[in-house]
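Since the structure comes first, as structure tokens, the remarks are kept for the end.
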Amino acid sequence: MSRARPLSLLAGRLLAVALMLMTGPALAASDLDRWFDGDLTPWLTETLATHPRFKGETVRVTVFDGEDEHPRPDLLSADLAAGLETALSGQSGLRVAWKPAPPDFRPGSTASELHCRPPEESYLIVVDTTRIRGQQVRVRVRVLDLGERSWVSGATRQWSGPLQARENGRLETSGVRDDLRGQRGLPFTAGQEDLLAAGLARNVACALLAHPADRPSLWVGAHKMESGVQSVATLVSQYLSRLGLVRRATSEAKADLVMNGERHVLGEGLAQVWIGLAPGQSVDEMPSIRASAYATTSPSDRSPAPSPIQPGPAALGEVRFVLLKRRCAGGSCESPLQPALQVRNVGIQRLEILMVLGDGRLQRLDSQRCGPGPVAADGNLVHVPLPSTPGDERLMVFAIGAKTTRAADALAAGIATVPANCDPMRLQDAAARARLRALQRDLDDFADQIVWRGLRTPSPDDIRMAGSP
């Protein structure tokens with residue numbers, strides 16, 4: 001095994017692999033692809049364009065879990081929904097709901113940029129995917145009438161059959177619907193206090209815009225809040241001020257509005273955070289406003305997990321694909337096996353994994369958010385679970401290690417700009433190349449403190465159990 005190489009070669013190697021994939025032959029169409037292109041899409045576009053019930057109505061495509069939208073959809077369903085949305089958007093005469101961007105409270109933002117109108121869609125095109133038995137999977141697409149809250153009779157298409165290996169990997173991997181962040185099924189976590197505040201500020205701002213008052217003065221009653229809620233409330237007030245909706249009061253007694261905040265712990269690491277605005281002491285005509293969102297409270301969410309890598313002379317050693325026994329409740333698990341990356345190292349402050357997939361996509365492995373975290377086999381050996389079976393669609397995997405704390409911080413910030421393996425966002429072609437070059441620029445100052453190793457996916461027969469010689 002050659003020595004770990006410095007960062008200066010990493011971006012070039014990644015770019016070469018990505019370019020090869022992006023210019024290589026396309027993946028063979030699967031049975032599901034043929035159904036999607038030959039049956040589902042033509043049927044849906046014709047139905048929406050010609051049926052009197054749907055003509056002129058606005059629709060939106062989404063993924064369901066049971067009877068509601070799924071905040072963590074599997075990536076196969078997310079891919080199908082995105083494909084349907086693209087197909088429908090390209091058809092003249094069809095109205096596809098516009099998805100408003102998340103609130104942005106950068107300098108120069110104005111209240112006019114907020115999207116405060118109620119949802120405009122009349123129908124939802126709903127995708128749901130279920131494993132029915134063995135390797136058999138059912139994909140179902142239905143139409144939901146939002147006004148009647150009922151499924152439209154006859155507006156259903158369904159496919160069932162086995163998936164290709166790459167499709168199975170997508171089905172077994174969950175994504176994240178950031179537009180549903182703050183719901184019970186997808187609470188805000190530690191480190192997302194600014195996003196939590198932005199979501200709450202948007203709801204409060206829309207309520208303020210519905211009131212005729214011109215820039216009321218606002219006082220934040222920080223002394224009545226616990227520290228975590230206080231920081232969120234302070235951010236909310238600053239966002240509202242940046243939009244020009246409020247001005248800072250000189251005292252609580254002179255305030256038109258007083259902001260308060262509460263947190264209600266619900267158990268199992270979950271809480272509701274409330275931000276409220278109430279009229280000031282001498283004001284009657286101001287509105288009372290309340291907004292809430294879910295957030296986590298567990299200790300593991302409030303502080304980063306300790307690194308399983310032991311301190312010592314920094315070095316990145318052997319990297320290889322292995323199979324781990326999955327943990328099962330109530331007994332040992334011999335099957336199925338979990339593919340993993342085995343990394344032998346000493347003293348690496350931070351370990352990150354980048355993957356270049358067979359279709360040219362660039363992703364980072366986010367084990368903490370998207371799946372099980374690293375498992376330390378001994379002091380210098382780390383097993384990092386991978387999202388799907390090696391050999392299916394992954395071509396190259398890169399283990400990147402930072403030797404010092406400063407380099408680790410820079411690596412974490414730079415790598416965060418690459419989509420995680422459970423994100424539905426795709427990064428490929430020119431976007432992937434540009435992101436790699438940006439990552440190299442971000443880390444150039446730490447070239448001697450960051451080392452890496454690249455590993456090409458072996459055939460399944462060459463992958464051994466962890467710990468085997």
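Labels used: A, B, ... for chains in the order of the structure tokens, numbers from 1 for residues in each chain, and numbers from 1 for ligands as shown.
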Residues near segment 218-220 of chain A, anyone? I mean within 10 Å using only C-alpha atoms, not counting same-chain ones fewer than 4 positions away, as a ChimeraX atom specification. /A:224-225,230,233-234,236-237,240-241,245-261,277-280
Sel. of strand (DSSP E) residues, segment 71-210 of chain A, as number ranges by chain: A: 95-96, 123-133, 136-145, 150-162
Within 9 Å of segment 71-79 of chain A, counting only C-alpha atoms, which residues show up once you throw out same-chain ones fewer than 5 positions away? Write them as a ChimeraX atom specification, please. /A:62-65,84,127-129,139,167-181,183,185-186,422-424
Produce a file of the selected residues containing C-alpha atoms, as an mmCIF file, in the first residue's frame.
```cif
data_model
loop_
_atom_site.group_PDB
_atom_site.id
_atom_site.type_symbol
_atom_site.label_atom_id
_atom_site.label_comp_id
_atom_site.auth_asym_id
_atom_site.auth_seq_id
_atom_site.Cartn_x
_atom_site.Cartn_y
_atom_site.Cartn_z
ATOM 1 C CA THR A 62 -44.672 14.672 -3.604
ATOM 2 C CA VAL A 63 -43.808 11.457 -1.725
ATOM 3 C CA PHE A 64 -46.135 10.081 0.949
ATOM 4 C CA ASP A 65 -45.612 7.931 4.008
ATOM 5 C CA LEU A 84 -42.507 13.470 -12.796
ATOM 6 C CA VAL A 127 -45.607 8.640 -5.144
ATOM 7 C CA ASP A 128 -45.128 5.826 -2.634
ATOM 8 C CA THR A 129 -42.852 2.796 -2.891
ATOM 9 C CA VAL A 139 -44.475 1.687 -6.934
ATOM 10 C CA GLU A 167 -32.400 1.084 -7.523
ATOM 11 C CA ASN A 168 -32.381 -1.135 -4.428
ATOM 12 C CA GLY A 169 -29.629 1.046 -3.011
ATOM 13 C CA ARG A 170 -31.745 4.154 -3.583
ATOM 14 C CA LEU A 171 -34.778 2.517 -1.974
ATOM 15 C CA GLU A 172 -32.792 1.596 1.136
ATOM 16 C CA THR A 173 -31.373 5.131 1.543
ATOM 17 C CA SER A 174 -33.415 7.966 3.043
ATOM 18 C CA GLY A 175 -33.280 11.597 1.984
ATOM 19 C CA VAL A 176 -34.346 14.766 3.763
ATOM 20 C CA ARG A 177 -37.126 17.189 2.780
ATOM 21 C CA ASP A 178 -35.654 20.450 4.045
ATOM 22 C CA ASP A 179 -38.913 22.258 3.246
ATOM 23 C CA LEU A 180 -40.569 20.053 5.904
ATOM 24 C CA ARG A 181 -37.870 20.726 8.493
ATOM 25 C CA GLN A 183 -42.194 19.034 11.650
ATOM 26 C CA GLY A 185 -40.882 13.723 11.831
ATOM 27 C CA LEU A 186 -37.950 16.005 10.925
ATOM 28 C CA CYS A 422 -29.166 10.843 1.854
ATOM 29 C CA ASP A 423 -29.864 14.203 0.185
ATOM 30 C CA PRO A 424 -32.039 14.097 -2.957
#
```
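Here atom CA of Leu386 of chain A and atom CA of Pro339 of chain A stand 5.5 Å from one another.
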Neighbouring residues of Gln164 of chain A were defined as those with any atom within 10 Å, considering only C-alpha atoms; residues of the same chain fewer than 2 positions away were excluded. Please report them as a list in words.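 Residues meeting the cut-off are Ala28, Ala29, Ser30, Asp31, Leu32, Gln135, Gly161, Pro162, Arg166, Glu167, Asn168, Gly169, Arg170 and Asp392 of chain A.
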Could you save the residues just selected, with N, CA and C atoms, as a PDB file, in the first residue's frame?
```
ATOM      1  N   ALA A  28     -27.919   1.000 -18.240  1.00  0.00           N
ATOM      2  CA  ALA A  28     -29.020   0.347 -18.953  1.00  0.00           C
ATOM      3  C   ALA A  28     -30.343   0.663 -18.260  1.00  0.00           C
ATOM      4  N   ALA A  29     -31.390   0.889 -19.076  1.00  0.00           N
ATOM      5  CA  ALA A  29     -32.704   1.188 -18.518  1.00  0.00           C
ATOM      6  C   ALA A  29     -33.255  -0.048 -17.814  1.00  0.00           C
ATOM      7  N   SER A  30     -33.875   0.155 -16.675  1.00  0.00           N
ATOM      8  CA  SER A  30     -34.469  -0.937 -15.913  1.00  0.00           C
ATOM      9  C   SER A  30     -35.936  -1.082 -16.289  1.00  0.00           C
ATOM     10  N   ASP A  31     -36.577  -2.158 -15.784  1.00  0.00           N
ATOM     11  CA  ASP A  31     -38.019  -2.328 -15.993  1.00  0.00           C
ATOM     12  C   ASP A  31     -38.792  -1.151 -15.418  1.00  0.00           C
ATOM     13  N   LEU A  32     -38.350  -0.654 -14.269  1.00  0.00           N
ATOM     14  CA  LEU A  32     -39.013   0.498 -13.662  1.00  0.00           C
ATOM     15  C   LEU A  32     -38.848   1.734 -14.536  1.00  0.00           C
ATOM     16  N   GLN A 135     -37.714  -9.693  -3.100  1.00  0.00           N
ATOM     17  CA  GLN A 135     -37.158  -8.644  -3.952  1.00  0.00           C
ATOM     18  C   GLN A 135     -38.233  -7.863  -4.705  1.00  0.00           C
ATOM     19  N   GLY A 161     -42.443  -5.329  -9.317  1.00  0.00           N
ATOM     20  CA  GLY A 161     -41.411  -6.178  -9.889  1.00  0.00           C
ATOM     21  C   GLY A 161     -40.116  -6.003  -9.127  1.00  0.00           C
ATOM     22  N   PRO A 162     -39.054  -6.686  -9.559  1.00  0.00           N
ATOM     23  CA  PRO A 162     -37.750  -6.548  -8.902  1.00  0.00           C
ATOM     24  C   PRO A 162     -37.023  -5.298  -9.385  1.00  0.00           C
ATOM     25  N   ARG A 166     -28.767  -0.871  -8.304  1.00  0.00           N
ATOM     26  CA  ARG A 166     -28.634   0.562  -8.001  1.00  0.00           C
ATOM     27  C   ARG A 166     -29.959   1.121  -7.484  1.00  0.00           C
ATOM     28  N   GLU A 167     -31.094   0.615  -7.989  1.00  0.00           N
ATOM     29  CA  GLU A 167     -32.400   1.084  -7.523  1.00  0.00           C
ATOM     30  C   GLU A 167     -32.671   0.594  -6.106  1.00  0.00           C
ATOM     31  N   ASN A 168     -32.252  -0.638  -5.801  1.00  0.00           N
ATOM     32  CA  ASN A 168     -32.381  -1.135  -4.428  1.00  0.00           C
ATOM     33  C   ASN A 168     -31.606  -0.261  -3.455  1.00  0.00           C
ATOM     34  N   GLY A 169     -30.416   0.168  -3.871  1.00  0.00           N
ATOM     35  CA  GLY A 169     -29.629   1.046  -3.011  1.00  0.00           C
ATOM     36  C   GLY A 169     -30.324   2.362  -2.735  1.00  0.00           C
ATOM     37  N   ARG A 170     -31.001   2.908  -3.767  1.00  0.00           N
ATOM     38  CA  ARG A 170     -31.745   4.154  -3.583  1.00  0.00           C
ATOM     39  C   ARG A 170     -32.950   3.944  -2.672  1.00  0.00           C
ATOM     40  N   ASP A 392     -22.324  -1.944  -6.918  1.00  0.00           N
ATOM     41  CA  ASP A 392     -23.561  -1.638  -7.623  1.00  0.00           C
ATOM     42  C   ASP A 392     -23.399  -0.400  -8.502  1.00  0.00           C
TER      43      ASP A 392
END
```
Spatial neighbours of Leu196 of chain A, 8 Å, only C-alpha atoms, chain gap at least 6 places, as a VMD selection string: chain A and resid 182 188 232 293
Selection above as a file: N, CA, C and O atoms, as a compact mmCIF listing (two decimals), in the first residue's frame:
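Saved to out.txt:
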```txt
# COMPACT_ATOMS: atom_id res chain seq x y z
N GLY A 182 -38.66 20.97 10.76
CA GLY A 182 -39.41 21.59 11.85
C GLY A 182 -40.67 20.84 12.19
O GLY A 182 -41.29 21.11 13.22
N PHE A 188 -35.62 20.18 13.89
CA PHE A 188 -34.33 20.84 13.82
C PHE A 188 -33.39 20.23 14.86
O PHE A 188 -33.84 19.81 15.94
N VAL A 232 -32.44 31.75 20.07
CA VAL A 232 -33.32 31.64 18.91
C VAL A 232 -34.20 32.89 18.79
O VAL A 232 -34.35 33.46 17.70
N ALA A 293 -42.11 25.22 16.18
CA ALA A 293 -41.44 24.20 15.38
C ALA A 293 -40.86 23.17 16.33
O ALA A 293 -40.63 23.45 17.52
```
What is the atom CA of Asp359 of chain A-atom CA of Leu323 of chain A distance in Å, reported with one decimal?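 According to the coordinates, atom CA of Asp359 of chain A and atom CA of Leu323 of chain A are separated by 23.7 Å.
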